[in-house]
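Scroll down for the structure; my scribbles are underneath it.
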Amino acid sequence: MGIINILDASVASKISAGEVVERPASVVKELIENSIDAGSKNIILEVKNAGKKLIKVTDDGCGMTKNDAVLCIERYATSKLRTIEDLNSLITLGFRGEALASISAVSKLQIVTRPRDQSIGTLVEVWGGEIIDVRDTGCKEGTTVTVKDLFYNTPARLKFLKRDSIEFNNIYNIFYKLMLSHPEISFKLISDDKLKLSSTGDGNLLNCIKTIWGQEIADHMIEVKAQDRAVKVTGYISDRSVIRRSKNDILFFVNKRCIINKALYAAVLDVYKQYLTTGTYPVIVLNIDIDPRMIDVNIHPTKLELKFSDEHGIYGAMYNALNNALNPKSEVNRPLTSIFNINDFEKQGNVEIETKYEQVKLKETDIRDINELENEINIAVDEVINEGMIFYDDDIKYLGQVLSTYLLCEKDNELYIIDQHAAHERILYEKYIKEFKNNRISSQRLLIPTIIELKNDEKNIVIENINLFNTLGYEIDDFGETAIAIRAVPIFFDQTQARLFIDECVAYLSSDSNRTSIDEMLFKKACKAAVKANDSLTEKEARELIKSLLSCENPYNCPHGRPTIVRFTKSDMDKMFKRVI
Ligand SMILES: Nc1ncnc2c1ncn2[C@@H]1O[C@H](COP(=O)(O)OP(=O)(O)OP(=O)(O)O)[C@@H](O)[C@H]1O
Ligand SMILES: [Mg+2]
């Protein structure tokens, strides 16, 4: 690493400056990225109180001279970029020269560093942006950056931080992605003096995957190796048997940077939609190595989003790489970049190409159809029965099931059409709510407990919410490092559904949404367990369904708000057939 240089104003104004320090996890990301850029082989992260009290990153990288150690906390001080053209050949994770300046402005920061060729090190102490100490010190080669009392001088931001468990999960999520992006570096994460995650740095990505997701998932990963003149894709993707409820395990590393990109994501979904049902996802860990001139990382303050100069091409390359890996014998095994136009990469700037995943534009004819459909829906909704208008009694004449979806009944000169799927959802929904309120959701004990391995952060979420799972009919125990044992499941789930529902809850609880909305979970569960539209029902089952529906508190809508019953009166029918005007 060379000498730090302050970017001149014209370069500084062109790079996408932004607020990089939002929470402890953002500090972790910036410090570890600096250690990676410094060529470290070993990186240790220590946090206390989920990083609120202390974040310490120790590396054995190139270190800094005294001058650089003082300069590095200045804004736009970077050794990684000099001119705006350098962005085209960027191989480092950092380039804005902003991170340490931003972090030191809102914390008590200490840098202890020694370059490889010097015998004495430097200590720099900065509080709230003010340098309070610079002195020589004895220390190991490399750099240790300690950030204490983050946001101590900005109480409004401090208040904004979430509970320790959530902030720690954010740190964990950032950490394991950095670990996956560099299997050749040994990483250690220590939280409140406990080792939480570590990698050996043996360069084996599958070993890192095993550490994070567990043996079960690692056993079902398929290696991807594909190369072409313009792009190289390597890594692992899960086979068809792995079903995840959250998209969080789809990870792309472009030139070793974990990024979000719609084209890559669309290619994954398009390939896996042959194997997975809606709402389920694979585990994907893919490295895409590409000429830095063909990407733009400078479009988002946290460098999280990335744009390819040929988004269409990258979609095609990724689609083929994944498809080939999943179907090695497939007839449609195509070369990696069959849709890839290498010439597009030579062009400057972003090429605007209408891609497959972009929203389909409506044709004029579609619009007319939709308007008609809307009218039909309005008419139908008018026909939805209002509360209190229909009661179950023996006078209801069951006429039969049509189209394997609807139940027809007649009562008092009126025809009722019931959507059996929506009806069943409503019945189950009310049943679960009642059971839940009475604290007696029935569960069934499993003869042999199911042991599942989870990512560390996912396991924490389950353990933290163990009471919630109990109320939902589960019996779950901690089962060592990253595993849990499921001993009982809600009565209405089979084992697979029960497992999927845990994944769903974890995804739900770790999102920023209103996390304790139990109703919503029940609602989801009801939808899962409900009969599908195409189940054929016997007359007895159909009658039972109608009876149960009409005894619901609100028999008229499914939990999504769609109508469950539509009514036609005799006069409606007469009008339809023009018997009366
Ligand atoms: N762990 C480290 N080892 C060696 N040098 C470091 C380390 N951390 C920071 N530096 C030096 O300090 C400079 C400033 O770091 P800072 O993170 O603020 O900016 P950057 O990494 O250049 O860009 P960005 O703001 O995009 O991260 C770096 O360019 C690098 O020269
Ligand atoms: Mg940096």
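We label chains A, B, ... in the order they appear in the structure tokens, count residues from 1 in each chain, and number ligands from 1 in the order shown.
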Ligand 2 neighbours within 12 Å using only C-alpha atoms and all ligand atoms, as a compact mmCIF listing (two decimals) with all heavy atoms, in the first residue's frame:
# COMPACT_ATOMS: atom_id res chain seq x y z
N ILE A 4 -0.50 7.71 1.48
CA ILE A 4 -1.86 8.25 1.37
C ILE A 4 -1.83 9.63 0.75
O ILE A 4 -0.96 10.45 1.03
CB ILE A 4 -2.53 8.26 2.75
CG1 ILE A 4 -2.66 6.83 3.25
CG2 ILE A 4 -3.89 8.94 2.67
CD1 ILE A 4 -3.29 6.71 4.60
N VAL A 20 -21.36 6.79 5.63
CA VAL A 20 -21.06 5.36 5.67
C VAL A 20 -21.29 4.75 7.05
O VAL A 20 -21.37 3.55 7.18
CB VAL A 20 -19.63 5.03 5.18
CG1 VAL A 20 -19.53 5.14 3.69
CG2 VAL A 20 -18.60 5.89 5.88
N VAL A 21 -21.38 5.61 8.07
CA VAL A 21 -21.50 5.06 9.42
C VAL A 21 -22.94 5.19 9.91
O VAL A 21 -23.37 6.25 10.32
CB VAL A 21 -20.57 5.78 10.41
CG1 VAL A 21 -20.45 4.98 11.70
CG2 VAL A 21 -19.24 6.01 9.80
N SER A 26 -21.83 -1.13 10.11
CA SER A 26 -21.17 -0.40 9.02
C SER A 26 -19.71 -0.11 9.38
O SER A 26 -18.85 -0.11 8.50
CB SER A 26 -21.91 0.89 8.63
OG SER A 26 -22.85 1.29 9.55
N VAL A 27 -19.44 0.12 10.66
CA VAL A 27 -18.05 0.32 11.08
C VAL A 27 -17.26 -0.96 10.83
O VAL A 27 -16.16 -0.95 10.28
CB VAL A 27 -17.99 0.72 12.58
CG1 VAL A 27 -16.54 0.78 13.06
CG2 VAL A 27 -18.69 2.04 12.80
N VAL A 28 -17.85 -2.08 11.23
CA VAL A 28 -17.20 -3.38 11.04
C VAL A 28 -16.85 -3.57 9.56
O VAL A 28 -15.74 -3.95 9.21
CB VAL A 28 -18.13 -4.52 11.53
CG1 VAL A 28 -17.68 -5.87 11.02
CG2 VAL A 28 -18.20 -4.51 13.05
N LYS A 29 -17.80 -3.29 8.70
CA LYS A 29 -17.57 -3.48 7.26
C LYS A 29 -16.38 -2.63 6.79
O LYS A 29 -15.48 -3.13 6.12
CB LYS A 29 -18.84 -3.10 6.49
CG LYS A 29 -18.68 -3.15 4.99
CD LYS A 29 -20.03 -2.92 4.31
CE LYS A 29 -19.93 -2.99 2.80
NZ LYS A 29 -19.32 -1.83 2.18
N GLU A 30 -16.40 -1.37 7.15
CA GLU A 30 -15.33 -0.48 6.68
C GLU A 30 -13.96 -0.90 7.21
O GLU A 30 -12.99 -0.91 6.48
CB GLU A 30 -15.64 0.98 7.08
CG GLU A 30 -16.89 1.56 6.43
CD GLU A 30 -16.82 1.60 4.90
OE1 GLU A 30 -15.70 1.68 4.36
OE2 GLU A 30 -17.88 1.54 4.25
N LEU A 31 -13.90 -1.26 8.51
CA LEU A 31 -12.60 -1.62 9.08
C LEU A 31 -12.07 -2.91 8.48
O LEU A 31 -10.88 -3.02 8.15
CB LEU A 31 -12.69 -1.74 10.61
CG LEU A 31 -13.07 -0.47 11.37
CD1 LEU A 31 -12.98 -0.71 12.88
CD2 LEU A 31 -12.18 0.72 10.98
N ILE A 32 -12.95 -3.90 8.32
CA ILE A 32 -12.47 -5.17 7.75
C ILE A 32 -12.08 -4.99 6.29
O ILE A 32 -11.09 -5.55 5.83
CB ILE A 32 -13.50 -6.30 7.94
CG1 ILE A 32 -13.69 -6.55 9.44
CG2 ILE A 32 -13.06 -7.58 7.23
CD1 ILE A 32 -14.60 -7.69 9.78
N GLU A 33 -12.85 -4.20 5.57
CA GLU A 33 -12.48 -3.96 4.17
C GLU A 33 -11.09 -3.32 4.09
O GLU A 33 -10.29 -3.66 3.22
CB GLU A 33 -13.52 -3.07 3.48
CG GLU A 33 -14.80 -3.84 3.17
CD GLU A 33 -15.75 -3.09 2.26
OE1 GLU A 33 -15.54 -1.88 1.99
OE2 GLU A 33 -16.72 -3.72 1.81
N ASN A 34 -10.80 -2.40 5.00
CA ASN A 34 -9.45 -1.80 5.02
C ASN A 34 -8.39 -2.86 5.28
O ASN A 34 -7.33 -2.85 4.66
CB ASN A 34 -9.37 -0.72 6.10
CG ASN A 34 -10.01 0.58 5.63
OD1 ASN A 34 -10.30 0.75 4.45
ND2 ASN A 34 -10.26 1.49 6.57
N SER A 35 -8.69 -3.79 6.20
CA SER A 35 -7.70 -4.84 6.51
C SER A 35 -7.50 -5.74 5.30
O SER A 35 -6.38 -6.18 5.03
CB SER A 35 -8.18 -5.68 7.70
OG SER A 35 -8.26 -4.87 8.84
N ILE A 36 -8.58 -6.03 4.59
CA ILE A 36 -8.45 -6.87 3.38
C ILE A 36 -7.60 -6.12 2.34
O ILE A 36 -6.66 -6.68 1.77
CB ILE A 36 -9.84 -7.22 2.79
CG1 ILE A 36 -10.62 -8.11 3.78
CG2 ILE A 36 -9.71 -7.89 1.43
CD1 ILE A 36 -12.06 -8.38 3.39
N ASP A 37 -7.92 -4.84 2.13
CA ASP A 37 -7.17 -4.05 1.16
C ASP A 37 -5.69 -3.97 1.53
O ASP A 37 -4.83 -3.80 0.66
CB ASP A 37 -7.73 -2.61 1.07
CG ASP A 37 -9.03 -2.56 0.27
OD1 ASP A 37 -9.34 -3.55 -0.42
OD2 ASP A 37 -9.74 -1.52 0.34
N ALA A 38 -5.39 -4.09 2.83
CA ALA A 38 -3.99 -3.99 3.28
C ALA A 38 -3.24 -5.31 3.09
O ALA A 38 -2.10 -5.44 3.53
CB ALA A 38 -3.95 -3.56 4.75
N CYS A 72 -4.69 9.34 7.52
CA CYS A 72 -5.80 8.47 7.09
C CYS A 72 -7.15 8.87 7.66
O CYS A 72 -8.18 8.46 7.14
CB CYS A 72 -5.48 7.00 7.41
SG CYS A 72 -5.57 6.60 9.14
N ILE A 73 -7.14 9.68 8.72
CA ILE A 73 -8.45 10.07 9.27
C ILE A 73 -8.96 11.38 8.66
O ILE A 73 -10.03 11.87 9.00
CB ILE A 73 -8.40 10.18 10.81
CG1 ILE A 73 -7.17 10.98 11.23
CG2 ILE A 73 -8.39 8.83 11.48
CD1 ILE A 73 -7.46 12.06 12.16
N ARG A 75 -10.65 13.53 5.64
CA ARG A 75 -11.60 13.21 4.57
C ARG A 75 -10.88 13.18 3.22
O ARG A 75 -10.00 13.99 2.98
CB ARG A 75 -12.72 14.24 4.57
CG ARG A 75 -13.91 13.85 3.74
CD ARG A 75 -15.18 14.50 4.25
NE ARG A 75 -15.57 13.92 5.54
CZ ARG A 75 -16.54 13.04 5.71
NH1 ARG A 75 -17.20 12.62 4.69
NH2 ARG A 75 -16.83 12.58 6.91
N TYR A 76 -11.28 12.25 2.38
CA TYR A 76 -10.70 12.04 1.04
C TYR A 76 -9.22 11.67 1.09
O TYR A 76 -8.48 11.95 0.16
CB TYR A 76 -10.91 13.26 0.12
CG TYR A 76 -12.35 13.67 0.02
CD1 TYR A 76 -12.75 14.97 0.28
CD2 TYR A 76 -13.32 12.72 -0.31
CE1 TYR A 76 -14.09 15.32 0.22
CE2 TYR A 76 -14.65 13.07 -0.37
CZ TYR A 76 -15.03 14.37 -0.10
OH TYR A 76 -16.35 14.71 -0.16
N ALA A 77 -8.80 11.07 2.22
CA ALA A 77 -7.41 10.60 2.28
C ALA A 77 -7.41 9.13 1.92
O ALA A 77 -8.00 8.31 2.62
CB ALA A 77 -6.87 10.78 3.69
N THR A 78 -6.81 8.79 0.80
CA THR A 78 -6.80 7.40 0.37
C THR A 78 -5.52 7.06 -0.38
O THR A 78 -4.94 7.92 -1.04
CB THR A 78 -8.02 7.07 -0.53
OG1 THR A 78 -7.95 5.70 -0.89
CG2 THR A 78 -8.08 7.92 -1.79
N SER A 79 -5.10 5.81 -0.22
CA SER A 79 -3.94 5.36 -0.99
C SER A 79 -4.40 4.57 -2.20
O SER A 79 -3.60 4.02 -2.92
CB SER A 79 -3.07 4.47 -0.09
OG SER A 79 -3.86 3.43 0.43
N LYS A 80 -5.73 4.50 -2.40
CA LYS A 80 -6.26 3.54 -3.38
C LYS A 80 -6.71 4.16 -4.70
O LYS A 80 -7.04 3.46 -5.64
CB LYS A 80 -7.44 2.78 -2.73
CG LYS A 80 -7.00 2.11 -1.44
CD LYS A 80 -8.12 1.59 -0.60
CE LYS A 80 -7.61 1.17 0.79
NZ LYS A 80 -8.67 0.77 1.69
N LEU A 81 -6.75 5.47 -4.74
CA LEU A 81 -7.27 6.14 -5.94
C LEU A 81 -6.58 7.49 -6.05
O LEU A 81 -6.38 8.17 -5.04
CB LEU A 81 -8.78 6.34 -5.72
CG LEU A 81 -9.66 6.83 -6.84
CD1 LEU A 81 -10.05 5.66 -7.72
CD2 LEU A 81 -10.94 7.44 -6.27
N THR A 92 -9.34 -2.61 -5.19
CA THR A 92 -9.51 -2.56 -3.73
C THR A 92 -10.99 -2.38 -3.40
O THR A 92 -11.78 -1.97 -4.24
CB THR A 92 -8.73 -1.37 -3.15
OG1 THR A 92 -9.08 -0.20 -3.89
CG2 THR A 92 -7.24 -1.59 -3.23
N LEU A 93 -11.34 -2.67 -2.14
CA LEU A 93 -12.73 -2.50 -1.72
C LEU A 93 -13.02 -1.03 -1.41
O LEU A 93 -14.10 -0.53 -1.64
CB LEU A 93 -13.00 -3.38 -0.50
CG LEU A 93 -12.85 -4.88 -0.76
CD1 LEU A 93 -12.82 -5.66 0.54
CD2 LEU A 93 -13.97 -5.38 -1.65
N GLY A 94 -12.04 -0.35 -0.85
CA GLY A 94 -12.21 1.08 -0.55
C GLY A 94 -11.67 1.91 -1.68
O GLY A 94 -10.88 1.44 -2.50
N PHE A 95 -12.13 3.16 -1.77
CA PHE A 95 -11.54 4.09 -2.74
C PHE A 95 -11.91 5.53 -2.45
O PHE A 95 -11.39 6.44 -3.06
CB PHE A 95 -11.94 3.74 -4.18
CG PHE A 95 -13.42 3.70 -4.44
CD1 PHE A 95 -14.13 4.83 -4.77
CD2 PHE A 95 -14.11 2.48 -4.36
CE1 PHE A 95 -15.49 4.79 -5.02
CE2 PHE A 95 -15.47 2.43 -4.62
CZ PHE A 95 -16.18 3.58 -4.94
N ARG A 96 -12.82 5.75 -1.47
CA ARG A 96 -13.31 7.12 -1.31
C ARG A 96 -12.51 7.92 -0.29
O ARG A 96 -12.67 9.13 -0.21
CB ARG A 96 -14.77 7.09 -0.88
CG ARG A 96 -15.62 6.52 -1.95
CD ARG A 96 -17.07 6.58 -1.58
NE ARG A 96 -17.83 6.01 -2.66
CZ ARG A 96 -18.86 5.20 -2.51
NH1 ARG A 96 -19.26 4.85 -1.30
NH2 ARG A 96 -19.48 4.73 -3.56
N GLY A 97 -11.74 7.24 0.51
CA GLY A 97 -10.98 7.93 1.53
C GLY A 97 -11.87 8.61 2.55
O GLY A 97 -11.57 9.70 3.05
N GLU A 98 -12.97 7.98 2.86
CA GLU A 98 -13.96 8.62 3.72
C GLU A 98 -14.20 7.89 5.02
O GLU A 98 -14.62 8.50 6.01
CB GLU A 98 -15.31 8.59 3.00
CG GLU A 98 -15.58 9.70 2.10
CD GLU A 98 -17.07 9.79 1.89
OE1 GLU A 98 -17.70 8.75 1.67
OE2 GLU A 98 -17.58 10.91 1.98
N ALA A 99 -14.01 6.55 4.98
CA ALA A 99 -14.52 5.74 6.09
C ALA A 99 -13.93 6.14 7.43
O ALA A 99 -14.67 6.43 8.38
CB ALA A 99 -14.26 4.27 5.79
N LEU A 100 -12.60 6.17 7.52
CA LEU A 100 -12.00 6.46 8.83
C LEU A 100 -12.35 7.87 9.28
O LEU A 100 -12.53 8.11 10.48
CB LEU A 100 -10.48 6.24 8.78
CG LEU A 100 -10.04 4.78 8.67
CD1 LEU A 100 -8.53 4.67 8.65
CD2 LEU A 100 -10.60 3.94 9.83
N ALA A 101 -12.43 8.81 8.35
CA ALA A 101 -12.82 10.18 8.72
C ALA A 101 -14.22 10.17 9.34
O ALA A 101 -14.45 10.77 10.40
CB ALA A 101 -12.79 11.08 7.49
N SER A 102 -15.14 9.47 8.70
CA SER A 102 -16.52 9.44 9.21
C SER A 102 -16.59 8.73 10.56
O SER A 102 -17.28 9.18 11.46
CB SER A 102 -17.45 8.71 8.25
OG SER A 102 -17.34 9.23 6.98
N ILE A 103 -15.87 7.61 10.68
CA ILE A 103 -15.95 6.84 11.93
C ILE A 103 -15.32 7.65 13.07
O ILE A 103 -15.88 7.75 14.17
CB ILE A 103 -15.24 5.47 11.78
CG1 ILE A 103 -15.95 4.61 10.74
CG2 ILE A 103 -15.18 4.74 13.13
CD1 ILE A 103 -15.15 3.40 10.27
N THR A 302 -22.92 3.09 0.05
CA THR A 302 -22.29 1.98 0.76
C THR A 302 -21.65 0.98 -0.20
O THR A 302 -21.22 -0.08 0.21
CB THR A 302 -23.31 1.21 1.64
OG1 THR A 302 -24.33 0.76 0.79
CG2 THR A 302 -23.86 2.07 2.74
N LYS A 303 -21.59 1.33 -1.47
CA LYS A 303 -21.00 0.50 -2.53
C LYS A 303 -21.69 -0.85 -2.62
O LYS A 303 -21.11 -1.84 -3.03
CB LYS A 303 -19.50 0.27 -2.28
CG LYS A 303 -18.69 1.52 -2.08
CD LYS A 303 -17.32 1.16 -1.54
CE LYS A 303 -16.55 2.34 -1.02
NZ LYS A 303 -15.78 2.03 0.17
>> From a backbone DSSP assignment, name each residue in stretch 102-214 of chain A labelled strand (DSSP E), as a ChimeraX atom specification.
In response: /A:108-114,121-127,130-137,142-148,186-191,194-198
For the selection just defined, write its residues with N, CA, C and O atoms to a file, as a compact mmCIF listing (two decimals), in the first residue's frame.
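File produced: out-v1.txt:
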# COMPACT_ATOMS: atom_id res chain seq x y z
N LYS A 108 -14.63 7.27 19.70
CA LYS A 108 -13.27 7.43 20.23
C LYS A 108 -12.44 6.37 19.52
O LYS A 108 -12.57 5.18 19.81
N LEU A 109 -11.63 6.82 18.55
CA LEU A 109 -10.93 5.88 17.68
C LEU A 109 -9.44 5.84 17.99
O LEU A 109 -8.83 6.88 18.26
N GLN A 110 -8.91 4.64 17.97
CA GLN A 110 -7.46 4.51 18.17
C GLN A 110 -6.88 3.64 17.07
O GLN A 110 -7.45 2.59 16.74
N ILE A 111 -5.76 4.10 16.49
CA ILE A 111 -5.08 3.28 15.48
C ILE A 111 -3.68 2.95 16.01
O ILE A 111 -2.96 3.86 16.44
N VAL A 112 -3.37 1.67 16.02
CA VAL A 112 -2.01 1.26 16.37
C VAL A 112 -1.49 0.50 15.16
O VAL A 112 -2.12 -0.48 14.73
N THR A 113 -0.38 0.97 14.58
CA THR A 113 0.01 0.39 13.29
C THR A 113 1.52 0.37 13.10
O THR A 113 2.23 1.24 13.61
N ARG A 114 1.98 -0.65 12.38
CA ARG A 114 3.42 -0.71 12.05
C ARG A 114 3.57 -1.32 10.66
O ARG A 114 3.07 -2.42 10.41
N GLY A 121 6.28 1.27 15.82
CA GLY A 121 4.93 1.55 15.34
C GLY A 121 4.44 2.92 15.79
O GLY A 121 5.14 3.66 16.47
N THR A 122 3.21 3.23 15.41
CA THR A 122 2.60 4.52 15.76
C THR A 122 1.25 4.30 16.41
O THR A 122 0.51 3.39 16.01
N LEU A 123 0.95 5.16 17.39
CA LEU A 123 -0.39 5.14 17.98
C LEU A 123 -1.03 6.50 17.72
O LEU A 123 -0.41 7.54 17.98
N VAL A 124 -2.23 6.48 17.18
CA VAL A 124 -2.97 7.73 16.96
C VAL A 124 -4.31 7.59 17.66
O VAL A 124 -5.00 6.58 17.52
N GLU A 125 -4.65 8.62 18.41
CA GLU A 125 -5.93 8.59 19.14
C GLU A 125 -6.76 9.78 18.69
O GLU A 125 -6.29 10.92 18.70
N VAL A 126 -7.97 9.53 18.28
CA VAL A 126 -8.84 10.60 17.77
C VAL A 126 -10.20 10.49 18.45
O VAL A 126 -10.83 9.43 18.40
N TRP A 127 -10.65 11.55 19.08
CA TRP A 127 -11.98 11.53 19.71
C TRP A 127 -12.85 12.55 19.00
O TRP A 127 -12.48 13.73 18.92
N GLU A 130 -11.18 14.94 16.69
CA GLU A 130 -10.02 15.71 17.15
C GLU A 130 -8.88 14.76 17.49
O GLU A 130 -9.07 13.82 18.29
N ILE A 131 -7.69 15.02 16.93
CA ILE A 131 -6.53 14.18 17.28
C ILE A 131 -6.11 14.54 18.70
O ILE A 131 -5.85 15.71 19.01
N ILE A 132 -6.09 13.55 19.59
CA ILE A 132 -5.68 13.88 20.96
C ILE A 132 -4.33 13.27 21.35
O ILE A 132 -3.76 13.64 22.35
N ASP A 133 -3.84 12.36 20.53
CA ASP A 133 -2.52 11.78 20.85
C ASP A 133 -1.91 11.15 19.60
O ASP A 133 -2.61 10.47 18.85
N VAL A 134 -0.63 11.40 19.39
CA VAL A 134 0.12 10.70 18.35
C VAL A 134 1.48 10.36 18.96
O VAL A 134 2.16 11.26 19.46
N ARG A 135 1.84 9.09 19.00
CA ARG A 135 3.15 8.76 19.57
C ARG A 135 3.67 7.44 19.02
O ARG A 135 2.89 6.64 18.47
N ASP A 136 4.99 7.26 19.20
CA ASP A 136 5.59 5.99 18.79
C ASP A 136 5.19 4.91 19.79
O ASP A 136 4.96 5.20 20.97
N THR A 137 5.10 3.71 19.30
CA THR A 137 4.76 2.62 20.21
C THR A 137 5.33 1.31 19.68
O THR A 137 5.52 1.16 18.47
N GLY A 142 1.37 -4.70 11.19
CA GLY A 142 -0.05 -4.69 10.85
C GLY A 142 -0.74 -3.55 11.58
O GLY A 142 -0.09 -2.63 12.08
N THR A 143 -2.08 -3.65 11.62
CA THR A 143 -2.84 -2.52 12.16
C THR A 143 -3.95 -3.01 13.09
O THR A 143 -4.59 -4.03 12.80
N THR A 144 -4.12 -2.29 14.19
CA THR A 144 -5.29 -2.56 15.04
C THR A 144 -6.07 -1.25 15.15
O THR A 144 -5.53 -0.23 15.58
N VAL A 145 -7.32 -1.30 14.74
CA VAL A 145 -8.17 -0.10 14.88
C VAL A 145 -9.22 -0.41 15.93
O VAL A 145 -9.91 -1.43 15.85
N THR A 146 -9.29 0.45 16.94
CA THR A 146 -10.27 0.26 18.01
C THR A 146 -11.26 1.41 18.00
O THR A 146 -10.86 2.58 18.00
N VAL A 147 -12.53 1.07 17.96
CA VAL A 147 -13.57 2.11 17.96
C VAL A 147 -14.38 1.93 19.24
O VAL A 147 -15.04 0.91 19.42
N LYS A 148 -14.28 2.93 20.13
CA LYS A 148 -15.02 2.82 21.39
C LYS A 148 -16.16 3.82 21.40
O LYS A 148 -16.06 4.89 20.78
N SER A 186 -7.79 -15.85 7.03
CA SER A 186 -8.38 -16.44 8.24
C SER A 186 -9.10 -15.33 9.02
O SER A 186 -8.53 -14.28 9.30
N PHE A 187 -10.36 -15.59 9.31
CA PHE A 187 -11.18 -14.60 10.03
C PHE A 187 -11.59 -15.16 11.39
O PHE A 187 -11.84 -16.37 11.53
N LYS A 188 -11.71 -14.26 12.37
CA LYS A 188 -12.25 -14.65 13.68
C LYS A 188 -13.20 -13.57 14.14
O LYS A 188 -12.87 -12.39 14.07
N LEU A 189 -14.36 -13.98 14.61
CA LEU A 189 -15.30 -13.02 15.19
C LEU A 189 -15.50 -13.37 16.66
O LEU A 189 -15.95 -14.48 16.99
N ILE A 190 -15.13 -12.44 17.54
CA ILE A 190 -15.27 -12.68 18.98
C ILE A 190 -16.24 -11.64 19.53
O ILE A 190 -16.05 -10.44 19.33
N SER A 191 -17.29 -12.12 20.17
CA SER A 191 -18.27 -11.19 20.71
C SER A 191 -18.36 -11.41 22.22
O SER A 191 -18.57 -12.54 22.66
N LYS A 194 -16.48 -14.28 23.50
CA LYS A 194 -16.77 -15.64 23.00
C LYS A 194 -16.52 -15.70 21.49
O LYS A 194 -16.96 -14.80 20.77
N LEU A 195 -15.86 -16.78 21.06
CA LEU A 195 -15.62 -16.95 19.63
C LEU A 195 -16.93 -17.36 18.96
O LEU A 195 -17.54 -18.36 19.31
N LYS A 196 -17.38 -16.54 17.99
CA LYS A 196 -18.68 -16.80 17.36
C LYS A 196 -18.56 -17.44 15.99
O LYS A 196 -19.45 -18.17 15.56
N LEU A 197 -17.52 -17.08 15.27
CA LEU A 197 -17.38 -17.60 13.91
C LEU A 197 -15.91 -17.48 13.51
O LEU A 197 -15.27 -16.49 13.85
N SER A 198 -15.41 -18.51 12.81
CA SER A 198 -14.03 -18.38 12.37
C SER A 198 -13.79 -19.20 11.11
O SER A 198 -14.54 -20.15 10.83
>> List the spatial neighbours of A:Val283 as a list in words - criterion: any atom at most 9 Å away, only C-alpha atoms, same-chain residues fewer than 4 positions off excluded.
In response: Ile217, Met221, Tyr236, Ile237, Ser238, Asp239, Val242, Ile243, Arg244, Lys247, Asn248, Asp249, Ile250 and Leu251 of chain A
>> Would you pick out the contacts of A:Pro449 at 12 Å or less, using only C-alpha atoms, so that residues sharing its chain but fewer than 4 positions from it are not included, and give the list as a ChimeraX atom specification?
In response: /A:444-445,474-477,479,484-489,495,499
Any chance you can output those residues with N, CA, C and O atoms as a short mmCIF file (atom, residue, chain, number, x, y, z; two decimals), in the first residue's frame?
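Output contents, as saved in selection_31.cif:
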data_model
loop_
_atom_site.label_atom_id
_atom_site.label_comp_id
_atom_site.auth_asym_id
_atom_site.auth_seq_id
_atom_site.Cartn_x
_atom_site.Cartn_y
_atom_site.Cartn_z
N GLN A 444 -47.86 -32.01 17.99
CA GLN A 444 -47.60 -33.45 17.99
C GLN A 444 -46.12 -33.67 18.25
O GLN A 444 -45.27 -33.03 17.64
N ARG A 445 -45.85 -34.58 19.18
CA ARG A 445 -44.44 -34.87 19.50
C ARG A 445 -43.86 -35.74 18.40
O ARG A 445 -44.52 -36.64 17.88
N TYR A 474 -44.68 -25.32 18.79
CA TYR A 474 -43.39 -25.99 18.62
C TYR A 474 -42.78 -26.31 19.98
O TYR A 474 -43.07 -25.64 20.97
N GLU A 475 -41.94 -27.32 20.00
CA GLU A 475 -41.08 -27.53 21.16
C GLU A 475 -39.66 -27.60 20.59
O GLU A 475 -39.35 -28.50 19.81
N ILE A 476 -38.86 -26.62 20.95
CA ILE A 476 -37.53 -26.51 20.35
C ILE A 476 -36.48 -26.40 21.45
O ILE A 476 -36.70 -25.72 22.45
N ASP A 477 -35.35 -27.09 21.25
CA ASP A 477 -34.24 -27.00 22.20
C ASP A 477 -32.98 -26.54 21.49
O ASP A 477 -32.79 -26.83 20.32
N PHE A 479 -29.36 -27.09 20.49
CA PHE A 479 -28.68 -28.36 20.27
C PHE A 479 -27.23 -28.10 19.86
O PHE A 479 -26.80 -28.42 18.76
N ILE A 484 -30.46 -26.70 16.28
CA ILE A 484 -31.59 -26.77 17.21
C ILE A 484 -32.28 -28.12 17.01
O ILE A 484 -32.16 -28.73 15.95
N ALA A 485 -32.93 -28.58 18.07
CA ALA A 485 -33.67 -29.83 17.96
C ALA A 485 -35.16 -29.49 18.03
O ALA A 485 -35.60 -28.82 18.97
N ILE A 486 -35.93 -29.95 17.04
CA ILE A 486 -37.38 -29.74 17.07
C ILE A 486 -37.98 -31.03 17.63
O ILE A 486 -37.85 -32.09 17.03
N ARG A 487 -38.63 -30.91 18.79
CA ARG A 487 -39.18 -32.11 19.42
C ARG A 487 -40.69 -32.25 19.19
O ARG A 487 -41.23 -33.32 19.25
N ALA A 488 -41.35 -31.12 18.95
CA ALA A 488 -42.79 -31.18 18.65
C ALA A 488 -43.13 -30.09 17.66
O ALA A 488 -42.49 -29.04 17.64
N VAL A 489 -44.13 -30.38 16.83
CA VAL A 489 -44.54 -29.38 15.83
C VAL A 489 -46.04 -29.15 15.92
O VAL A 489 -46.77 -30.01 16.43
N GLN A 495 -43.67 -32.60 8.95
CA GLN A 495 -42.32 -32.20 9.36
C GLN A 495 -41.69 -31.18 8.41
O GLN A 495 -41.04 -30.24 8.84
N ARG A 499 -40.58 -27.35 9.29
CA ARG A 499 -39.21 -26.85 9.10
C ARG A 499 -39.23 -25.55 8.27
O ARG A 499 -38.61 -24.55 8.60
#
